[in-house]
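File shown here: upload-v9.json, holding JSON, C-alpha atoms and all ligand atoms.
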[["chain", "number", "residue", "atom", "x", "y", "z"],
["A", 4, "MET", "CA", 12.93, 34.14, 7.54],
["A", 5, "ARG", "CA", 14.10, 37.39, 5.89],
["A", 6, "GLU", "CA", 11.96, 40.54, 6.11],
["A", 7, "LYS", "CA", 11.52, 41.90, 2.58],
["A", 8, "GLY", "CA", 9.74, 45.10, 3.47],
["A", 9, "PRO", "CA", 6.32, 46.47, 2.58],
["A", 10, "ALA", "CA", 6.63, 45.70, -1.15],
["A", 11, "ALA", "CA", 6.44, 41.93, -0.49],
["A", 12, "ALA", "CA", 3.07, 40.77, -1.84],
["A", 13, "ALA", "CA", 2.06, 37.62, -0.04],
["A", 14, "ARG", "CA", 2.93, 36.30, 3.39],
["A", 15, "VAL", "CA", 3.29, 32.53, 3.13],
["A", 16, "GLY", "CA", 3.08, 29.85, 5.83],
["A", 17, "VAL", "CA", 4.57, 26.42, 5.14],
["A", 18, "LEU", "CA", 3.17, 23.28, 6.81],
["A", 19, "GLY", "CA", 5.48, 20.27, 6.83],
["A", 20, "ALA", "CA", 8.36, 22.76, 6.81],
["A", 21, "ARG", "CA", 10.99, 20.29, 8.03],
["A", 22, "GLY", "CA", 10.05, 17.64, 5.43],
["A", 23, "ARG", "CA", 11.75, 17.08, 2.06],
["A", 24, "MET", "CA", 9.25, 19.21, 0.12],
["A", 25, "GLY", "CA", 8.58, 21.68, 2.92],
["A", 26, "MET", "CA", 12.27, 22.62, 3.18],
["A", 27, "GLU", "CA", 12.45, 23.18, -0.58],
["A", 28, "VAL", "CA", 9.31, 25.35, -0.47],
["A", 29, "CYS", "CA", 10.73, 27.47, 2.39],
["A", 30, "LYS", "CA", 13.89, 28.06, 0.30],
["A", 31, "ALA", "CA", 11.90, 28.94, -2.82],
["A", 32, "VAL", "CA", 9.56, 31.34, -0.99],
["A", 33, "ASP", "CA", 12.49, 32.96, 0.78],
["A", 34, "ALA", "CA", 14.24, 33.48, -2.56],
["A", 35, "ALA", "CA", 11.20, 35.04, -4.28],
["A", 36, "ALA", "CA", 11.24, 38.83, -4.18],
["A", 37, "ASP", "CA", 7.45, 39.13, -4.07],
["A", 38, "LEU", "CA", 6.84, 36.54, -1.32],
["A", 39, "GLU", "CA", 7.62, 36.52, 2.38],
["A", 40, "LEU", "CA", 8.13, 33.34, 4.41],
["A", 41, "ALA", "CA", 5.95, 34.23, 7.40],
["A", 42, "ALA", "CA", 5.78, 30.88, 9.24],
["A", 43, "ALA", "CA", 7.45, 27.47, 8.96],
["A", 44, "VAL", "CA", 5.48, 24.87, 10.89],
["A", 45, "ASP", "CA", 5.97, 21.12, 11.34],
["A", 46, "GLN", "CA", 4.50, 18.35, 13.48],
["A", 47, "GLY", "CA", 4.25, 19.37, 17.12],
["A", 48, "ASP", "CA", 4.29, 23.11, 16.36],
["A", 49, "ASP", "CA", 1.21, 25.19, 17.03],
["A", 50, "LEU", "CA", -0.79, 26.16, 13.92],
["A", 51, "THR", "CA", -1.61, 29.48, 15.55],
["A", 52, "GLU", "CA", 1.94, 30.53, 14.52],
["A", 53, "VAL", "CA", 0.53, 30.79, 11.00],
["A", 54, "ALA", "CA", -2.32, 33.08, 12.05],
["A", 55, "ASP", "CA", -0.10, 35.12, 14.38],
["A", 56, "ALA", "CA", 2.33, 35.67, 11.49],
["A", 57, "ARG", "CA", -0.58, 36.97, 9.34],
["A", 58, "ALA", "CA", 0.07, 34.45, 6.56],
["A", 59, "GLY", "CA", -2.36, 34.96, 3.68],
["A", 60, "VAL", "CA", -1.45, 31.73, 1.89],
["A", 61, "VAL", "CA", -0.47, 28.37, 3.36],
["A", 62, "VAL", "CA", 1.44, 25.65, 1.48],
["A", 63, "ASP", "CA", 0.84, 22.11, 2.80],
["A", 64, "PHE", "CA", 3.27, 19.26, 2.15],
["A", 65, "THR", "CA", 2.53, 17.05, 5.16],
["A", 66, "THR", "CA", 0.88, 13.62, 5.19],
["A", 67, "PRO", "CA", -2.49, 12.27, 4.04],
["A", 68, "ASP", "CA", -3.40, 11.84, 7.75],
["A", 69, "ALA", "CA", -2.70, 15.46, 8.64],
["A", 70, "VAL", "CA", -3.73, 17.42, 5.59],
["A", 71, "MET", "CA", -7.52, 17.55, 6.03],
["A", 72, "ASP", "CA", -7.35, 19.02, 9.55],
["A", 73, "ASN", "CA", -4.81, 21.58, 8.33],
["A", 74, "LEU", "CA", -6.95, 22.53, 5.37],
["A", 75, "ARG", "CA", -10.09, 22.94, 7.44],
["A", 76, "TRP", "CA", -8.17, 25.13, 9.88],
["A", 77, "CYS", "CA", -6.98, 27.38, 7.03],
["A", 78, "VAL", "CA", -10.36, 27.67, 5.30],
["A", 79, "GLU", "CA", -12.13, 28.53, 8.58],
["A", 80, "ARG", "CA", -9.67, 31.38, 9.10],
["A", 81, "GLY", "CA", -9.95, 32.71, 5.55],
["A", 82, "ILE", "CA", -6.39, 31.65, 4.63],
["A", 83, "HIS", "CA", -5.84, 30.48, 1.03],
["A", 84, "ALA", "CA", -4.16, 27.08, 0.65],
["A", 85, "VAL", "CA", -1.89, 25.38, -1.87],
["A", 86, "VAL", "CA", -1.79, 21.65, -1.24],
["A", 87, "GLY", "CA", 0.67, 19.12, -2.64],
["A", 88, "THR", "CA", 0.05, 16.40, -0.07],
["A", 89, "THR", "CA", -1.34, 13.21, -1.56],
["A", 90, "GLY", "CA", -4.39, 11.16, -0.55],
["A", 91, "PHE", "CA", -7.17, 13.25, -2.14],
["A", 92, "THR", "CA", -10.15, 11.06, -3.04],
["A", 93, "GLU", "CA", -13.34, 12.50, -4.62],
["A", 94, "ARG", "CA", -14.87, 12.30, -1.15],
["A", 95, "ARG", "CA", -12.12, 14.45, 0.36],
["A", 96, "LEU", "CA", -12.43, 16.97, -2.46],
["A", 97, "ASP", "CA", -16.19, 17.20, -1.84],
["A", 98, "GLN", "CA", -15.49, 17.82, 1.83],
["A", 99, "VAL", "CA", -13.20, 20.72, 0.91],
["A", 100, "ARG", "CA", -15.89, 22.13, -1.42],
["A", 101, "ASP", "CA", -18.35, 21.99, 1.51],
["A", 102, "TRP", "CA", -16.00, 23.98, 3.75],
["A", 103, "LEU", "CA", -15.40, 26.50, 0.98],
["A", 104, "ALA", "CA", -19.13, 27.01, 0.45],
["A", 105, "ASP", "CA", -19.13, 28.83, 3.82],
["A", 106, "ARG", "CA", -16.04, 30.88, 2.86],
["A", 107, "PRO", "CA", -16.68, 31.92, -0.78],
["A", 108, "ARG", "CA", -13.63, 34.20, -0.99],
["A", 109, "VAL", "CA", -11.11, 31.56, -0.01],
["A", 110, "GLY", "CA", -9.11, 29.71, -2.68],
["A", 111, "VAL", "CA", -7.65, 26.21, -2.41],
["A", 112, "VAL", "CA", -5.40, 24.61, -5.04],
["A", 113, "VAL", "CA", -4.85, 20.85, -4.69],
["A", 114, "ALA", "CA", -2.36, 19.42, -7.20],
["A", 115, "PRO", "CA", -1.13, 15.82, -7.32],
["A", 116, "ASN", "CA", 2.03, 17.05, -9.01],
["A", 117, "PHE", "CA", 3.47, 20.59, -9.31],
["A", 118, "GLY", "CA", 6.09, 19.62, -11.92],
["A", 119, "ILE", "CA", 5.25, 21.33, -15.22],
["A", 120, "GLY", "CA", 6.53, 18.29, -17.15],
["A", 121, "ALA", "CA", 4.41, 15.98, -15.03],
["A", 122, "VAL", "CA", 1.29, 18.05, -15.69],
["A", 123, "LEU", "CA", 1.98, 17.84, -19.43],
["A", 124, "MET", "CA", 2.66, 14.09, -19.15],
["A", 125, "MET", "CA", -0.82, 13.64, -17.62],
["A", 126, "GLN", "CA", -2.42, 15.79, -20.32],
["A", 127, "PHE", "CA", -0.66, 13.85, -23.11],
["A", 128, "ALA", "CA", -1.66, 10.53, -21.52],
["A", 129, "ALA", "CA", -5.31, 11.60, -21.30],
["A", 130, "ARG", "CA", -5.17, 12.63, -24.96],
["A", 131, "ALA", "CA", -3.59, 9.35, -26.12],
["A", 132, "ALA", "CA", -5.87, 7.12, -24.04],
["A", 133, "ARG", "CA", -8.71, 6.68, -26.53],
["A", 134, "HIS", "CA", -6.38, 5.46, -29.31],
["A", 135, "PHE", "CA", -4.90, 2.41, -27.52],
["A", 136, "GLU", "CA", -6.55, -0.76, -26.28],
["A", 137, "SER", "CA", -3.86, -1.40, -23.66],
["A", 138, "VAL", "CA", -2.43, 0.91, -21.03],
["A", 139, "GLU", "CA", -0.39, 0.43, -17.85],
["A", 140, "ILE", "CA", 1.34, 2.92, -15.55],
["A", 141, "VAL", "CA", 4.70, 2.38, -13.86],
["A", 142, "GLU", "CA", 5.61, 4.92, -11.19],
["A", 143, "GLN", "CA", 9.03, 4.97, -9.50],
["A", 144, "HIS", "CA", 9.89, 6.83, -6.29],
["A", 145, "HIS", "CA", 12.40, 7.16, -3.44],
["A", 146, "PRO", "CA", 11.93, 4.48, -0.78],
["A", 147, "ARG", "CA", 10.90, 6.93, 1.98],
["A", 148, "LYS", "CA", 7.59, 7.62, 0.27],
["A", 149, "LEU", "CA", 4.68, 6.61, 2.53],
["A", 150, "ASP", "CA", 1.92, 6.03, -0.06],
["A", 151, "ALA", "CA", 1.62, 3.70, -3.04],
["A", 152, "PRO", "CA", 0.67, 4.13, -5.76],
["A", 153, "SER", "CA", 1.63, 7.79, -6.00],
["A", 154, "GLY", "CA", -0.96, 10.55, -6.17],
["A", 155, "THR", "CA", 0.26, 11.35, -9.68],
["A", 156, "ALA", "CA", -0.21, 7.76, -10.87],
["A", 157, "THR", "CA", -3.67, 7.56, -9.30],
["A", 158, "HIS", "CA", -4.71, 10.84, -10.94],
["A", 159, "THR", "CA", -3.27, 9.75, -14.31],
["A", 160, "ALA", "CA", -5.14, 6.43, -14.09],
["A", 161, "ARG", "CA", -8.42, 8.24, -13.38],
["A", 162, "LEU", "CA", -7.91, 10.61, -16.33],
["A", 163, "ILE", "CA", -7.14, 7.67, -18.63],
["A", 164, "ALA", "CA", -10.12, 5.67, -17.35],
["A", 165, "ALA", "CA", -12.45, 8.61, -17.99],
["A", 166, "ALA", "CA", -11.07, 9.06, -21.54],
["A", 167, "ARG", "CA", -11.43, 5.32, -22.25],
["A", 168, "ALA", "CA", -15.01, 5.30, -20.98],
["A", 169, "GLU", "CA", -15.87, 8.32, -23.11],
["A", 170, "ALA", "CA", -14.42, 6.56, -26.18],
["A", 171, "GLY", "CA", -16.40, 3.40, -25.40],
["A", 172, "LEU", "CA", -13.28, 1.28, -24.78],
["A", 173, "GLY", "CA", -13.79, -1.80, -22.61],
["A", 174, "PRO", "CA", -11.21, -3.40, -20.30],
["A", 175, "ALA", "CA", -7.66, -3.77, -21.66],
["A", 176, "PRO", "CA", -6.95, -7.32, -22.90],
["A", 177, "ASP", "CA", -5.32, -9.51, -20.21],
["A", 178, "ALA", "CA", -5.37, -13.32, -20.19],
["A", 179, "THR", "CA", -3.78, -13.66, -16.73],
["A", 180, "ARG", "CA", -5.33, -16.57, -14.82],
["A", 181, "ASP", "CA", -2.69, -17.51, -12.29],
["A", 182, "GLU", "CA", -1.30, -14.54, -10.41],
["A", 183, "VAL", "CA", 1.03, -14.13, -7.48],
["A", 184, "ALA", "CA", -0.79, -11.45, -5.47],
["A", 185, "GLY", "CA", 0.24, -8.00, -6.67],
["A", 186, "ALA", "CA", 2.08, -9.18, -9.79],
["A", 187, "ARG", "CA", -0.30, -7.29, -12.06],
["A", 188, "GLY", "CA", -0.22, -4.13, -9.95],
["A", 189, "ALA", "CA", -3.04, -2.14, -8.40],
["A", 190, "ASP", "CA", -6.32, -1.64, -10.24],
["A", 191, "ILE", "CA", -7.25, 2.05, -10.32],
["A", 192, "ASP", "CA", -10.55, 2.47, -12.17],
["A", 193, "GLY", "CA", -9.57, -0.47, -14.41],
["A", 194, "VAL", "CA", -6.03, 0.80, -15.14],
["A", 195, "ARG", "CA", -3.08, -1.27, -13.83],
["A", 196, "VAL", "CA", -0.57, 0.75, -11.81],
["A", 197, "HIS", "CA", 2.83, -0.61, -10.71],
["A", 198, "ALA", "CA", 4.81, 1.11, -7.95],
["A", 199, "VAL", "CA", 8.61, 0.79, -7.72],
["A", 200, "ARG", "CA", 10.64, 2.07, -4.73],
["A", 201, "ALA", "CA", 14.45, 2.37, -4.91],
["A", 202, "THR", "CA", 17.23, 4.43, -3.38],
["A", 203, "GLY", "CA", 18.48, 7.03, -5.84],
["A", 204, "LEU", "CA", 15.08, 7.72, -7.37],
["A", 205, "VAL", "CA", 13.12, 10.95, -6.78],
["A", 206, "ALA", "CA", 9.82, 10.85, -8.74],
["A", 207, "HIS", "CA", 9.34, 9.20, -12.13],
["A", 208, "GLN", "CA", 6.45, 7.85, -14.17],
["A", 209, "GLU", "CA", 5.92, 5.97, -17.42],
["A", 210, "VAL", "CA", 2.57, 5.52, -19.13],
["A", 211, "LEU", "CA", 2.76, 2.63, -21.59],
["A", 212, "PHE", "CA", 0.09, 2.42, -24.29],
["A", 213, "GLY", "CA", -0.25, -0.47, -26.72],
["A", 214, "THR", "CA", -2.26, -1.36, -29.79],
["A", 215, "THR", "CA", -1.69, -3.64, -32.79],
["A", 216, "GLY", "CA", 1.95, -3.48, -33.86],
["A", 217, "GLU", "CA", 2.94, -0.40, -31.83],
["A", 218, "THR", "CA", 3.42, 1.02, -28.36],
["A", 219, "LEU", "CA", 3.68, 4.58, -27.11],
["A", 220, "THR", "CA", 5.57, 5.41, -23.91],
["A", 221, "ILE", "CA", 5.13, 8.77, -22.20],
["A", 222, "ARG", "CA", 7.72, 9.31, -19.49],
["A", 223, "HIS", "CA", 8.42, 12.04, -16.98],
["A", 224, "ASP", "CA", 11.33, 12.30, -14.51],
["A", 225, "SER", "CA", 11.82, 14.64, -11.56],
["A", 226, "TYR", "CA", 15.50, 14.34, -10.64],
["A", 227, "ASP", "CA", 15.37, 17.09, -8.00],
["A", 228, "ARG", "CA", 12.59, 18.53, -5.81],
["A", 229, "ALA", "CA", 13.47, 21.94, -7.25],
["A", 230, "SER", "CA", 11.42, 20.74, -10.27],
["A", 231, "PHE", "CA", 8.21, 21.24, -8.28],
["A", 232, "MET", "CA", 8.96, 24.82, -7.20],
["A", 233, "PRO", "CA", 7.90, 26.85, -10.28],
["A", 234, "GLY", "CA", 4.48, 25.15, -10.04],
["A", 235, "VAL", "CA", 4.20, 25.71, -6.29],
["A", 236, "LEU", "CA", 5.12, 29.40, -6.59],
["A", 237, "LEU", "CA", 2.70, 29.85, -9.50],
["A", 238, "ALA", "CA", -0.10, 28.41, -7.33],
["A", 239, "VAL", "CA", 0.89, 30.59, -4.35],
["A", 240, "ARG", "CA", 0.66, 33.72, -6.50],
["A", 241, "GLU", "CA", -2.59, 32.67, -8.23],
["A", 242, "VAL", "CA", -4.62, 31.16, -5.40],
["A", 243, "PRO", "CA", -5.86, 34.48, -3.91],
["A", 244, "ARG", "CA", -7.37, 35.27, -7.34],
["A", 245, "ARG", "CA", -9.13, 31.90, -7.59],
["A", 246, "PRO", "CA", -11.84, 31.45, -4.99],
["A", 247, "GLY", "CA", -13.15, 27.90, -4.53],
["A", 248, "LEU", "CA", -11.39, 24.62, -5.21],
["A", 249, "THR", "CA", -8.98, 24.19, -8.13],
["A", 250, "VAL", "CA", -7.77, 20.63, -8.72],
["A", 251, "GLY", "CA", -4.54, 20.26, -10.67],
["A", 252, "LEU", "CA", -2.23, 22.89, -12.09],
["A", 253, "ASP", "CA", -3.71, 22.73, -15.62],
["A", 254, "ALA", "CA", -6.06, 25.71, -15.24],
["A", 255, "LEU", "CA", -3.26, 27.87, -13.80],
["A", 256, "LEU", "CA", -0.87, 27.04, -16.65],
["A", 257, "ASP", "CA", -3.48, 27.97, -19.24],
["B", 301, "LIG", "N1", 2.16, 17.59, -5.39],
["B", 301, "LIG", "C1", 3.48, 17.45, -5.61],
["B", 301, "LIG", "O1", 4.03, 17.99, -6.58],
["B", 301, "LIG", "C2", 4.29, 16.67, -4.63],
["B", 301, "LIG", "C3", 3.66, 16.05, -3.59],
["B", 301, "LIG", "N2", 4.39, 15.39, -2.65],
["B", 301, "LIG", "C4", 3.63, 14.88, -1.51],
["B", 301, "LIG", "O2", 3.86, 15.76, -0.40],
["B", 301, "LIG", "C5", 3.79, 15.02, 0.82],
["B", 301, "LIG", "C6", 5.06, 15.26, 1.61],
["B", 301, "LIG", "O3", 6.16, 14.68, 0.94],
["B", 301, "LIG", "P1", 7.63, 14.76, 1.55],
["B", 301, "LIG", "O4", 8.00, 16.19, 1.79],
["B", 301, "LIG", "O5", 8.49, 13.92, 0.68],
["B", 301, "LIG", "O6", 7.41, 14.02, 2.96],
["B", 301, "LIG", "P2", 8.23, 14.22, 4.31],
["B", 301, "LIG", "O7", 7.88, 13.03, 5.16],
["B", 301, "LIG", "O8", 9.66, 14.51, 4.03],
["B", 301, "LIG", "O9", 7.59, 15.54, 4.96],
["B", 301, "LIG", "C7", 6.35, 15.61, 5.59],
["B", 301, "LIG", "C8", 6.51, 16.56, 6.78],
["B", 301, "LIG", "O10", 5.23, 16.84, 7.32],
["B", 301, "LIG", "C9", 5.36, 16.90, 8.72],
["B", 301, "LIG", "N3", 4.06, 16.77, 9.34],
["B", 301, "LIG", "C10", 3.35, 15.65, 9.62],
["B", 301, "LIG", "N4", 2.19, 15.97, 10.20],
["B", 301, "LIG", "C11", 2.17, 17.32, 10.31],
["B", 301, "LIG", "C12", 1.21, 18.26, 10.82],
["B", 301, "LIG", "N5", 0.05, 17.86, 11.36],
["B", 301, "LIG", "N6", 1.49, 19.59, 10.75],
["B", 301, "LIG", "C13", 2.67, 20.02, 10.21],
["B", 301, "LIG", "N7", 3.59, 19.18, 9.71],
["B", 301, "LIG", "C14", 3.34, 17.86, 9.76],
["B", 301, "LIG", "C15", 6.35, 15.78, 9.03],
["B", 301, "LIG", "O11", 6.93, 15.92, 10.33],
["B", 301, "LIG", "C16", 7.36, 15.96, 7.91],
["B", 301, "LIG", "O12", 8.39, 16.88, 8.29],
["B", 301, "LIG", "C17", 3.53, 13.57, 0.41],
["B", 301, "LIG", "O13", 2.14, 13.32, 0.45],
["B", 301, "LIG", "C18", 4.04, 13.51, -1.02],
["B", 301, "LIG", "O14", 3.47, 12.51, -1.77],
["B", 301, "LIG", "C19", 5.74, 15.29, -2.73],
["B", 301, "LIG", "C20", 6.42, 15.83, -3.78],
["B", 301, "LIG", "C21", 5.74, 16.60, -4.82],
["B", 302, "LIG", "O1", 6.23, 11.61, -2.45],
["B", 302, "LIG", "C1", 6.79, 12.11, -3.47],
["B", 302, "LIG", "O2", 8.01, 12.25, -3.56],
["B", 302, "LIG", "C2", 5.93, 12.59, -4.55],
["B", 302, "LIG", "N1", 4.65, 12.60, -4.38],
["B", 302, "LIG", "C3", 3.67, 13.01, -5.31],
["B", 302, "LIG", "C4", 2.84, 11.82, -5.74],
["B", 302, "LIG", "O3", 2.55, 10.94, -4.92],
["B", 302, "LIG", "O4", 2.44, 11.78, -6.90],
["B", 302, "LIG", "C5", 4.26, 13.79, -6.46],
["B", 302, "LIG", "C6", 5.58, 13.28, -6.94],
["B", 302, "LIG", "O5", 5.38, 12.06, -7.57],
["B", 302, "LIG", "C7", 6.56, 13.15, -5.78]]
Starting from the coordinates I provided, produce the structure as structure tokens.
Amino acid sequence: MREKGPAAAARVGVLGARGRMGMEVCKAVDAAADLELAAAVDQGDDLTEVADARAGVVVDFTTPDAVMDNLRWCVERGIHAVVGTTGFTERRLDQVRDWLADRPRVGVVVAPNFGIGAVLMMQFAARAARHFESVEIVEQHHPRKLDAPSGTATHTARLIAAARAEAGLGPAPDATRDEVAGARGADIDGVRVHAVRATGLVAHQEVLFGTTGETLTIRHDSYDRASFMPGVLLAVREVPRRPGLTVGLDALLD
């Protein structure tokens, strides 16, 4: 942790600091002239390190089991939070909104994917959804990932399902009668999602649309975790100006 002097704008605490994403975030914050890495905390460390270090913004890349307790702790102390950890259901988001109602000046940004290309991939998929009767998602990740399907794939499926419902599209055609369990993937709001895990992969997703005589494939690849850092740093800089809950990076990019 390098002291950058009084000109440094925001003091940042990183939770999950010894994880794959946490380490990358610590590096990126340390390298940013306007940010100061105030605390780097992982499992077993005391969260009070973050408060003692006077961090104004916390970045959480931990686990779905840990993230809600961390977030509550931050909101109660008036610390803004940028969250990349997966596992956010509507119920969890409502819980965060409840906590924030008591702390109206605190901002929380929860984004299933901080990659700019991934955000655009989700926007393009939502836009295409109403024009195609068929759609399936294939996500591919490194084999140390704990959750399946990915948060990005789940979010994409929900966006597509909402667009299909708005356009009055029914279920995608599928004559499958005999199925080995899992062969047709997970059903997320009526959209099939297939999760692949293989050494050598980082984070990849294809959205395959089909209609009579044509298909459209929208694909995004993160080859390096550095790809998430411009989005994370954007959220760190913006979150103090955005009280309440912001879901996704879309609003910040606009
Ligand atoms: N939104 C996005 O753009 C991205 C999100 N992710 C998500 O971020 C999360 C972390 O991913 P990775 O870094 O690959 O996992 P990882 O397993 O490498 O790192 C997680 C770290 O959190 C630590 N941890 C667990 N409980 C903790 C607690 N209570 N307090 C502090 N630290 C704790 C672990 O010891 C570990 O070091 C996952 O949910 C993943 O899906 C990953 C990449 C990009
Ligand atoms: O665990 C990962 O690696 C990733 N997790 C996020 C997800 O589940 O969508 C974002 C990205 O896909 C990398």
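Residues in contact with region 155-172 of chain A at 7 Å, where all atoms listed in the file are counted and same-chain residues fewer than 4 positions away are skipped, are listed as Pro115, Asn116, Met125, Ala128, Ala129, Ala132, Arg133, Ile140, Glu142, Ile191, Asp192, Gly193 and Val194 of chain A.
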Identify, counting all atoms listed in the file, the protein, DNA and RNA residues located within 9 Å of ligand LIG 302 (chain B), and give them as a PyMOL selection string. chain A and resi 23-24+87-90+114-118+121+142-145+147-158+205-208+225+228+231
As a short mmCIF file (atom, residue, chain, number, x, y, z; two decimals) with C-alpha atoms, keeping the file's coordinate frame, please: the residues near Glu241 (chain A) (cut-off 10 Å, only C-alpha atoms, same-chain neighbours under 5 positions excluded).
data_model
loop_
_atom_site.label_atom_id
_atom_site.label_comp_id
_atom_site.auth_asym_id
_atom_site.auth_seq_id
_atom_site.Cartn_x
_atom_site.Cartn_y
_atom_site.Cartn_z
CA VAL A 85 -1.89 25.38 -1.87
CA GLY A 110 -9.11 29.71 -2.68
CA VAL A 112 -5.40 24.61 -5.04
CA VAL A 235 4.20 25.71 -6.29
CA LEU A 236 5.12 29.40 -6.59
CA PRO A 246 -11.84 31.45 -4.99
CA LEU A 255 -3.26 27.87 -13.80
#
Pick from A:Arg14, A:Arg187, A:Arg57, A:Arg75, whichever lies nearest to ligand LIG 301 (chain B) using all atoms listed in the file: A:Arg75
Have a look at A:Ala56, A:Val113, A:Leu103, A:Val250 and name the one nearest to ligand LIG 301 (chain B); count all atoms listed in the file. A:Val113
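When atom O11 of ligand LIG 301 (chain B) is paired with CA of Val196 (chain A), their separation reads 27.9 Å.
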Box time for ligand LIG 301 (chain B): axis-aligned, enclosing all its listed atoms, 6 Å extra on each side; report centre and edge lengths in Å to one decimal, as JSON.
{"center_x": 4.9, "center_y": 16.3, "center_z": 2.4, "size_x": 21.6, "size_y": 19.5, "size_z": 29.9}
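One distance worth recording is that between CA of Asp45 (chain A) and CA of Pro67 (chain A), which is 14.3 Å.
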Taking only C-alpha atoms into account, which of A:Val210, A:Val242, A:Ala175, A:Leu248 comes nearest Ala104 (chain A)? A:Leu248
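If you look at CA of Glu209 (chain A) and CA of Gly19 (chain A), they are 28.2 Å away from each other.
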Can you list, as a short mmCIF file (atom, residue, chain, number, x, y, z; two decimals) with C-alpha atoms, keeping the file's coordinate frame, every protein, DNA or RNA residue that comes within 9 Å of Ala229 (chain A) when you count all atoms listed in the file, leaving out same-chain residues fewer than 2 positions away?
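This is the output file out_5.cif:
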data_model
loop_
_atom_site.label_atom_id
_atom_site.label_comp_id
_atom_site.auth_asym_id
_atom_site.auth_seq_id
_atom_site.Cartn_x
_atom_site.Cartn_y
_atom_site.Cartn_z
CA MET A 24 9.25 19.21 0.12
CA GLU A 27 12.45 23.18 -0.58
CA VAL A 28 9.31 25.35 -0.47
CA ALA A 31 11.90 28.94 -2.82
CA SER A 225 11.82 14.64 -11.56
CA TYR A 226 15.50 14.34 -10.64
CA ASP A 227 15.37 17.09 -8.00
CA PHE A 231 8.21 21.24 -8.28
CA MET A 232 8.96 24.82 -7.20
CA PRO A 233 7.90 26.85 -10.28
#
Distance criterion (all atoms listed in the file): nearest to Pro174 (chain A) out of A:Arg108, A:His223, A:Arg195, A:Arg200: A:Arg195
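Comparing A:Glu39, A:Leu219, A:Asp97, A:Val44 by their smallest distance to Gly22 (chain A), the closest is A:Val44 (using all atoms listed in the file).
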